[in-house]
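Listing of entry25.txt, compact mmCIF, C-alpha atoms
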# COMPACT_ATOMS: atom_id res chain seq x y z
CA MET R 1 -80.30 19.73 50.08
CA ARG R 2 -81.87 23.08 49.36
CA THR R 3 -83.13 22.88 45.79
CA VAL R 4 -84.28 20.47 43.11
CA PHE R 5 -83.02 20.03 39.58
CA SER R 6 -86.28 19.45 37.72
CA LYS R 7 -88.55 22.34 36.77
CA TYR R 8 -91.75 20.94 38.26
CA ALA R 9 -93.80 24.00 37.27
CA LYS R 10 -93.51 22.89 33.64
CA LEU R 11 -95.71 19.89 34.48
CA GLY R 12 -98.63 22.32 34.51
CA ALA R 13 -98.46 22.52 30.71
CA ILE R 14 -99.26 18.79 30.39
CA ASN R 15 -103.02 18.37 30.12
CA ASP R 16 -103.21 14.58 30.08
CA PRO R 17 -103.22 13.44 33.77
CA ALA R 18 -101.57 10.11 32.94
CA GLU R 19 -98.77 11.79 30.99
CA GLN R 20 -98.38 14.37 33.74
CA LEU R 21 -97.88 11.66 36.38
CA LYS R 22 -95.44 9.83 34.11
CA ALA R 23 -93.42 13.02 33.65
CA LEU R 24 -93.54 13.67 37.41
CA THR R 25 -92.08 10.24 38.14
CA GLN R 26 -89.31 10.77 35.58
CA ALA R 27 -88.50 14.20 37.07
CA ILE R 28 -88.28 12.84 40.61
CA ASN R 29 -86.04 9.98 39.48
CA THR R 30 -83.77 12.51 37.78
CA ASP R 31 -83.43 14.48 41.03
CA PHE R 32 -82.73 11.27 42.94
CA SER R 33 -79.97 10.24 40.52
CA LEU R 34 -77.85 13.40 40.75
CA PRO R 35 -76.01 12.90 44.10
CA SER R 36 -74.80 9.46 42.97
CA MET R 37 -73.81 10.93 39.61
CA TYR R 38 -71.78 13.55 41.47
CA LEU R 39 -69.77 10.88 43.27
CA ASP R 40 -69.40 8.75 40.13
CA LEU R 41 -67.89 11.73 38.32
CA GLY R 42 -65.36 12.41 41.07
CA GLY R 43 -67.10 15.21 42.95
CA THR R 44 -65.80 15.87 46.45
CA PRO R 45 -67.37 16.93 49.74
CA SER R 46 -67.07 20.55 50.85
CA VAL R 47 -63.42 21.03 51.84
CA GLN R 48 -61.27 23.81 53.23
CA LYS R 49 -57.49 23.46 53.41
CA LEU R 50 -55.37 24.37 56.41
CA ASP R 51 -51.68 25.23 56.38
CA GLY R 52 -49.80 22.05 55.63
CA GLY R 53 -52.42 20.84 53.16
CA ILE R 54 -54.76 19.25 55.71
CA LYS R 55 -58.32 19.07 54.35
CA VAL R 56 -61.21 19.86 56.68
CA ILE R 57 -64.63 18.55 55.69
CA GLY R 58 -67.49 20.20 57.50
CA GLY R 59 -65.58 23.33 58.45
CA ASP R 60 -66.44 26.91 57.52
CA GLY R 61 -65.50 28.27 54.13
CA GLY R 62 -65.19 24.91 52.42
CA GLN R 63 -65.32 24.43 48.66
CA ILE R 64 -66.33 21.43 46.58
CA GLN R 65 -64.69 20.03 43.48
CA VAL R 66 -67.40 19.96 40.81
CA PRO R 67 -67.09 17.86 37.63
CA SER R 68 -66.74 19.98 34.50
CA VAL R 69 -69.64 20.73 32.16
CA GLU R 70 -67.99 18.63 29.46
CA ARG R 71 -67.67 15.64 31.76
CA VAL R 72 -71.29 15.97 32.88
CA LYS R 73 -72.36 16.28 29.24
CA ALA R 74 -70.47 13.12 28.28
CA HIS R 75 -72.09 11.24 31.18
CA LEU R 76 -75.58 12.39 30.18
CA GLN R 77 -74.96 11.34 26.59
CA GLN R 78 -74.09 7.86 27.78
CA LYS R 79 -76.92 7.68 30.32
CA TRP R 80 -79.74 8.94 28.13
CA ALA R 81 -78.22 8.43 24.66
CA VAL R 82 -78.92 12.00 23.61
CA PRO R 83 -77.04 13.27 20.51
CA GLY R 84 -74.13 15.50 21.40
CA ASP R 85 -75.35 18.35 19.23
CA ASN R 86 -78.70 18.56 21.01
CA PRO R 87 -78.94 22.08 22.57
CA ASN R 88 -81.24 20.69 25.29
CA LEU R 89 -78.40 18.49 26.48
CA VAL R 90 -76.09 21.49 26.83
CA ASP R 91 -78.73 23.26 28.90
CA ALA R 92 -79.24 20.16 31.02
CA SER R 93 -75.48 19.82 31.59
CA ASN R 94 -75.21 23.43 32.76
CA ARG R 95 -78.15 22.98 35.11
CA VAL R 96 -76.68 19.76 36.53
CA VAL R 97 -73.43 21.59 37.30
CA SER R 98 -75.45 24.41 38.89
CA PHE R 99 -77.29 21.82 41.00
CA PHE R 100 -73.95 20.36 42.10
CA HIS R 101 -72.73 23.80 43.19
CA SER R 102 -75.88 24.65 45.15
CA ASN R 103 -76.73 21.28 46.70
CA MET R 104 -73.69 19.07 47.14
CA PRO R 105 -71.96 21.21 49.82
CA ASP R 106 -74.94 20.48 52.10
CA ILE R 107 -74.77 16.68 51.87
CA ASP R 108 -72.64 14.80 54.40
CA MET R 109 -70.27 12.71 52.30
CA GLY R 110 -67.30 12.83 54.64
CA TYR R 111 -67.50 9.08 55.22
CA THR R 112 -66.20 8.52 51.67
CA ALA R 113 -62.74 9.63 52.87
CA ALA R 114 -62.32 6.45 54.93
CA PHE R 115 -64.11 3.69 53.02
CA ASP R 116 -62.98 2.20 49.71
CA PHE R 117 -65.93 1.89 47.32
CA VAL R 118 -67.08 -1.44 45.88
CA ASP R 119 -69.55 -0.88 43.03
CA MET R 120 -72.18 -3.65 43.18
CA ARG R 121 -74.86 -1.82 41.18
CA ASN R 122 -74.47 -4.05 38.12
CA SER R 123 -73.60 -7.20 40.03
CA MET R 124 -75.75 -10.31 40.37
CA ASN R 125 -74.26 -11.00 43.82
CA ASP R 126 -76.08 -9.90 46.95
CA THR R 127 -72.84 -9.78 48.96
CA PHE R 128 -69.22 -8.78 48.60
CA GLU R 129 -66.39 -10.19 50.68
CA VAL R 130 -63.60 -8.58 52.64
CA LEU R 131 -60.68 -10.99 52.36
CA ASP R 132 -58.21 -11.72 55.11
CA ALA R 133 -55.58 -13.63 53.17
CA ASN R 134 -52.26 -14.92 54.44
CA ASN R 135 -49.86 -16.65 52.08
CA GLY R 136 -47.04 -16.78 54.61
CA ILE R 137 -44.94 -14.35 52.56
CA THR R 138 -41.87 -13.21 54.49
CA PHE R 139 -39.19 -12.18 51.93
CA THR R 140 -36.19 -13.84 53.61
CA GLN R 141 -32.62 -13.12 52.57
CA LYS R 142 -31.15 -15.58 50.03
CA LYS R 143 -27.59 -16.50 49.12
CA ALA R 144 -26.51 -16.57 45.50
CA GLY R 145 -28.10 -19.59 43.81
CA GLU R 146 -30.25 -20.48 46.82
CA ALA R 147 -33.72 -21.72 45.86
CA VAL R 148 -36.78 -19.69 46.70
CA LYS R 149 -39.49 -21.48 48.63
CA ILE R 150 -42.84 -21.17 46.83
CA ARG R 151 -45.74 -20.54 49.18
CA ARG R 152 -48.75 -22.61 48.19
CA GLY R 153 -50.38 -23.17 51.56
CA VAL R 154 -52.80 -20.28 51.23
CA THR R 155 -55.13 -19.68 54.16
CA ASP R 156 -57.89 -17.16 53.88
CA SER R 157 -61.14 -16.18 55.47
CA MET R 158 -63.87 -14.01 54.06
CA LEU R 159 -66.17 -11.58 55.80
CA PRO R 160 -69.35 -11.46 53.71
CA VAL R 161 -71.12 -8.09 53.55
CA LYS R 162 -74.72 -8.32 52.37
CA TYR R 163 -76.82 -5.46 51.03
CA VAL R 164 -79.17 -3.61 53.35
CA THR R 165 -82.36 -2.09 51.93
CA PHE R 166 -83.66 1.28 53.07
CA ALA R 167 -87.03 2.61 51.96
CA ASP R 168 -89.61 5.26 52.76
CA GLY R 169 -92.71 6.66 51.10
CA VAL R 170 -94.41 9.97 50.50
CA GLY R 171 -97.68 10.98 48.91
CA ILE R 172 -98.13 13.72 46.30
CA LEU R 173 -101.69 14.98 46.69
CA ASP R 174 -103.92 15.46 43.67
CA ASP R 175 -104.71 18.99 44.84
CA TRP R 176 -101.03 19.93 44.64
CA LEU R 177 -101.15 19.15 40.93
CA ARG R 178 -104.66 20.46 40.34
CA PHE R 179 -103.94 23.83 41.95
CA GLN R 180 -100.34 23.83 40.66
CA LYS R 181 -98.66 23.93 44.05
CA TRP R 182 -95.33 23.06 42.49
CA TRP R 183 -93.37 24.42 45.44
CA ALA R 184 -94.97 21.75 47.63
CA VAL R 185 -93.87 19.07 45.17
CA SER R 186 -90.29 20.36 44.90
CA ASP R 187 -89.93 20.81 48.68
CA THR R 188 -91.13 17.25 49.25
CA VAL R 189 -88.74 15.83 46.66
CA ALA R 190 -85.81 17.82 48.08
CA GLU R 191 -86.51 16.64 51.64
CA PHE R 192 -86.98 13.03 50.55
CA ASN R 193 -83.68 13.03 48.67
CA ALA R 194 -81.81 14.71 51.54
CA LYS R 195 -83.17 12.29 54.14
CA ALA R 196 -82.03 9.30 52.07
CA TRP R 197 -78.45 10.62 51.92
CA ASP R 198 -78.56 11.50 55.61
CA LYS R 199 -79.46 7.89 56.40
CA LYS R 200 -76.60 6.60 54.25
CA ALA R 201 -74.14 8.88 56.07
CA GLN R 202 -75.45 7.84 59.49
CA TRP R 203 -75.12 4.16 58.55
CA HIS R 204 -71.40 4.60 57.90
CA TYR R 205 -70.59 6.77 60.93
CA ASP R 206 -72.46 4.42 63.24
CA LEU R 207 -69.84 1.78 62.46
CA PHE R 208 -67.26 3.92 64.28
CA ASN R 209 -69.59 4.72 67.17
CA ALA R 210 -70.36 1.02 67.64
CA LEU R 211 -66.73 0.01 68.17
CA SER R 212 -65.96 -1.26 71.64
CA SER R 213 -63.71 0.41 74.19
CA ALA R 214 -60.93 -1.91 73.02
CA VAL R 215 -60.03 0.71 70.38
CA ASN R 216 -59.76 3.52 72.96
CA VAL R 217 -56.49 5.38 73.42
CA ALA R 218 -56.28 7.22 76.75
CA PHE R 219 -55.15 10.84 76.99
CA ASP R 220 -51.45 11.25 77.79
CA THR R 221 -50.13 14.67 78.86
CA ASP R 222 -51.27 16.67 75.80
CA ASP R 223 -53.31 16.28 72.64
CA THR R 224 -50.40 15.97 70.25
CA LYS R 225 -48.62 13.30 72.28
CA THR R 226 -51.84 11.30 72.48
CA LEU R 227 -52.35 11.63 68.70
CA ASN R 228 -48.79 10.48 68.03
CA GLN R 229 -49.24 7.46 70.28
CA ALA R 230 -52.58 6.53 68.71
CA ALA R 231 -51.14 6.63 65.18
CA ALA R 232 -48.09 4.62 66.24
CA GLY R 233 -50.39 2.06 67.86
CA ILE R 234 -52.38 1.63 64.65
CA LEU R 235 -49.25 1.29 62.51
CA ARG R 236 -47.78 -1.33 64.87
CA LYS R 237 -51.00 -3.36 64.85
CA VAL R 238 -51.22 -3.47 61.05
CA ARG R 239 -47.48 -3.72 60.35
CA ASP R 240 -47.56 -7.38 59.25
CA LYS R 241 -50.92 -7.30 57.47
CA GLY R 242 -49.70 -6.23 54.05
CA TYR R 243 -51.37 -2.82 54.13
CA GLY R 244 -48.33 -0.90 53.01
CA ALA R 245 -48.73 1.45 55.97
CA GLY R 246 -45.35 2.91 56.85
CA GLN R 247 -44.37 5.96 58.86
CA ASN R 248 -45.75 8.28 56.17
CA ALA R 249 -49.19 6.67 55.98
CA GLY R 250 -52.06 9.13 55.77
CA PHE R 251 -54.84 9.21 58.38
CA VAL R 252 -58.38 10.59 58.56
CA ILE R 253 -59.87 12.11 61.72
CA TYR R 254 -63.61 11.99 62.43
CA CYS R 255 -64.96 14.26 65.13
CA ALA R 256 -68.04 16.07 66.38
CA PRO R 257 -68.37 19.68 65.14
CA GLU R 258 -67.91 20.87 68.73
CA ASN R 259 -64.33 19.53 68.68
CA VAL R 260 -63.11 20.48 65.21
CA GLY R 261 -61.53 23.71 66.52
CA ARG R 262 -59.52 21.88 69.17
CA ILE R 263 -58.35 19.30 66.66
CA THR R 264 -57.34 21.75 63.93
CA LYS R 265 -55.46 23.78 66.56
CA MET R 266 -53.68 20.59 67.65
CA LEU R 267 -52.62 19.89 64.08
CA THR R 268 -50.85 23.26 63.87
CA ALA R 269 -48.36 22.02 66.48
CA THR R 270 -45.76 21.11 63.90
CA ALA R 271 -41.99 21.13 64.34
CA GLY R 272 -40.81 24.74 64.49
CA SER R 273 -44.25 26.20 65.20
CA LEU R 274 -44.74 28.76 67.98
CA LEU R 275 -47.16 26.42 69.73
CA VAL R 276 -44.34 23.92 70.20
CA ALA R 277 -41.60 26.49 70.77
CA TYR R 278 -43.39 28.20 73.68
CA ASN R 279 -44.91 25.11 75.31
CA LYS R 280 -42.26 22.74 76.54
CA ASP R 281 -44.82 19.99 77.22
CA VAL R 282 -46.29 20.07 73.71
CA GLN R 283 -44.90 17.55 71.22
CA PRO R 284 -44.86 18.34 67.51
CA VAL R 285 -47.36 16.31 65.50
CA ASN R 286 -45.60 13.37 63.86
CA VAL R 287 -48.68 12.04 62.05
CA ARG R 288 -49.73 12.76 58.46
CA VAL R 289 -53.38 13.65 58.85
CA GLN R 290 -54.86 14.04 55.37
CA THR R 291 -58.43 14.91 56.26
CA VAL R 292 -60.48 16.05 59.25
CA VAL R 293 -64.21 15.32 59.01
CA ALA R 294 -66.59 17.16 61.33
CA THR R 295 -70.02 15.54 61.40
CA THR R 296 -73.02 15.64 63.71
CA TYR R 297 -73.23 11.85 63.43
CA ILE R 298 -70.26 11.67 65.81
CA PRO R 299 -71.80 12.35 69.25
CA ALA R 300 -70.62 15.43 71.12
CA ASN R 301 -70.06 13.26 74.20
CA VAL R 302 -67.83 10.69 72.48
CA GLY R 303 -64.99 12.09 74.59
CA GLY R 304 -62.52 12.53 71.75
CA TYR R 305 -62.28 11.66 68.07
CA TYR R 306 -61.67 8.74 65.74
CA LEU R 307 -58.27 8.33 64.08
CA VAL R 308 -58.65 6.12 61.01
CA LEU R 309 -56.21 4.47 58.63
CA PRO R 310 -58.43 4.70 55.54
CA GLY R 311 -59.14 2.09 52.88
CA ARG R 312 -57.61 -1.38 53.23
CA LYS R 313 -60.35 -3.35 55.07
CA LEU R 314 -62.75 -0.43 55.38
CA LYS R 315 -65.21 -0.96 52.53
CA ARG R 316 -68.55 0.45 51.40
CA ALA R 317 -70.78 -0.69 48.57
CA ASP R 318 -73.94 0.32 46.73
CA TRP R 319 -76.21 -2.23 45.11
CA MET R 320 -78.92 0.23 44.10
CA ASP R 321 -79.02 4.00 44.04
CA LEU R 322 -82.14 5.74 45.28
CA GLN R 323 -84.96 4.69 42.95
CA LEU R 324 -88.66 5.39 42.80
CA GLU R 325 -91.83 3.33 42.48
CA SER R 326 -95.33 4.82 42.44
CA GLN R 327 -98.89 3.70 43.01
CA ARG R 328 -102.28 5.39 42.91
CA ASN R 329 -104.02 5.76 46.30
CA VAL R 330 -107.70 6.49 45.63
CA TYR R 331 -108.57 6.64 49.33
CA VAL R 332 -106.69 9.87 49.92
CA ARG R 333 -106.60 11.14 46.32
CA ALA R 334 -102.86 11.02 46.00
CA ASN R 335 -100.05 9.22 44.23
CA ASP R 336 -97.80 7.39 46.66
CA TYR R 337 -94.10 7.24 45.89
CA VAL R 338 -91.72 4.79 47.54
CA GLY R 339 -87.98 5.50 47.36
CA THR R 340 -85.56 2.62 47.90
CA PHE R 341 -81.78 2.27 48.00
CA GLN R 342 -79.48 -0.62 48.87
CA THR R 343 -76.09 -0.13 50.49
CA ASN R 344 -73.81 -1.40 53.23
CA ALA R 345 -70.36 -0.85 54.71
CA VAL R 346 -67.96 -2.65 57.01
CA ILE R 347 -64.95 -2.04 59.21
CA GLY R 348 -63.20 -5.27 58.34
CA ASP R 349 -60.29 -4.59 60.68
CA ALA R 350 -60.86 -2.62 63.87
CA ASP R 351 -57.08 -2.24 64.21
CA GLN R 352 -57.35 0.53 61.61
CA VAL R 353 -59.36 2.71 64.01
CA ALA R 354 -58.53 4.35 67.34
CA ARG R 355 -60.94 6.29 69.53
CA VAL R 356 -58.56 8.94 70.83
CA LEU R 357 -59.75 10.40 74.11
CA PHE R 358 -59.41 13.92 75.42
CA SER R 359 -58.35 14.74 78.97

Represent the structure from my file as structure tokens, please.
Amino acid sequence: MRTVFSKYAKLGAINDPAEQLKALTQAINTDFSLPSMYLDLGGTPSVQKLDGGIKVIGGDGGQIQVPSVERVKAHLQQKWAVPGDNPNLVDASNRVVSFFHSNMPDIDMGYTAAFDFVDMRNSMNDTFEVLDANNGITFTQKKAGEAVKIRRGVTDSMLPVKYVTFADGVGILDDWLRFQKWWAVSDTVAEFNAKAWDKKAQWHYDLFNALSSAVNVAFDTDDTKTLNQAAAGILRKVRDKGYGAGQNAGFVIYCAPENVGRITKMLTATAGSLLVAYNKDVQPVNVRVQTVVATTYIPANVGGYYLVLPGRKLKRADWMDLQLESQRNVYVRANDYVGTFQTNAVIGDADQVARVLFS
């Protein structure tokens, strides 16, 4: 995250120290709120598209989908109840969009491609549940006039997912404000915000890295054949779980950046391609891969990549976006700021994930 939204240098025009600190806290909170706003408004990670429509997140030359100025303006009107004809709001909306363009490509949000979002920010519950319901539904063939058996013996189990709190603190020295070192303030805010989103990304990717070797799929002859077998294995495992995952189900691949070239090359091995035509041992890819995510949170030595059937029992939730609390520290002549966010995620069904190994 390279820049900040707020114009911290303008704080120098506030002579009252108490009002200056109040404005500083409001400015920092505004910067902290923008990445979540971006996702709420449908912003996307940085994406490039390969032939065949496959999206690559984390590759070179990617572009983001930024919410329009009008949509940002409408959101700000609702959030801060500012009249629509206020020219300051128009300026703020343009600057928010500019912030999205300059900052959001740098944030790792690739995990959002696999996990369905559960919004717990206005909930009074400290957990959400991933349901594993089974009503015994089978859809058997019936003769004309034959009665339908009503299934009432519902069995279900729930996997509770409780919020996890992350927090860290930083001090803004009095001398930074006294001598108007606004670049030090903005750099600190930018780093603090970026580190919070880095931690959230790591928390999600670590769920894949923590899966046991039971999800491994061994290499078989070539990369495309192994991919085809891994996808078929996932679809067979989830066939009777009510996921609606047929032969055209879309998958997401997560890999280390060192392996994204090998994987994108593999995905070009489609029916009729030269790679298949001139290599008799290479199978065409028979899997609909929607997205490839290259992230440094997948270790380079993982030995392959993760093939994921997204959504279904893969869930993520936020209880609290990054928020700020402050306190005066007279011992070091600084104002201490503590940023806190609450989130969690779960792989409710490991059958949706395969760790596909290279040779």

Please indicate the distance in Å from atom CA of Arg95 of chain R to atom CA of Arg71 of chain R, rounded to one decimal place.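 About the pair atom CA of Arg95 of chain R and atom CA of Arg71 of chain R: they are 13.2 Å apart.
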
For Asn103 of chain R, which residue out of R:Val4, R:Asp168, R:Trp197, R:Thr25 is the nearest one, using only C-alpha atoms?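 Between R:Val4, R:Asp168, R:Trp197, R:Thr25, the residue approaching Asn103 of chain R most closely is R:Val4.
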
Go ahead and compute the interatomic distance for atom CA of Asp220 of chain R and atom CA of Tyr305 of chain R, in Å to one decimal. 14.6 Å

One decimal, Å: what's the distance from atom CA of Lys315 of chain R over to atom CA of Ala350 of chain R, could you say?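 Value for the atom CA of Lys315 of chain R-atom CA of Ala350 of chain R distance: 12.3 Å.
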
For Val338 of chain R: contacts at 9 Å, all atoms listed in the file, fewer than 6 positions along chain excluded, given as a PyMOL selection string: chain R and resi 167-171+323-327

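Every protein or nucleic acid residue with an atom no more than 10 Å from Pro105 of chain R, counting only C-alpha atoms and leaving out same-chain residues fewer than 2 positions away, appears here: R:Met1, R:Thr44, R:Pro45, R:Ser46, R:Val47, R:Ile57, R:Gly58, R:Gly62, R:Gln63, R:Ile64, R:Gln65, R:Phe100, R:His101, R:Ser102, R:Asn103, R:Ile107, R:Asp108, R:Met109.
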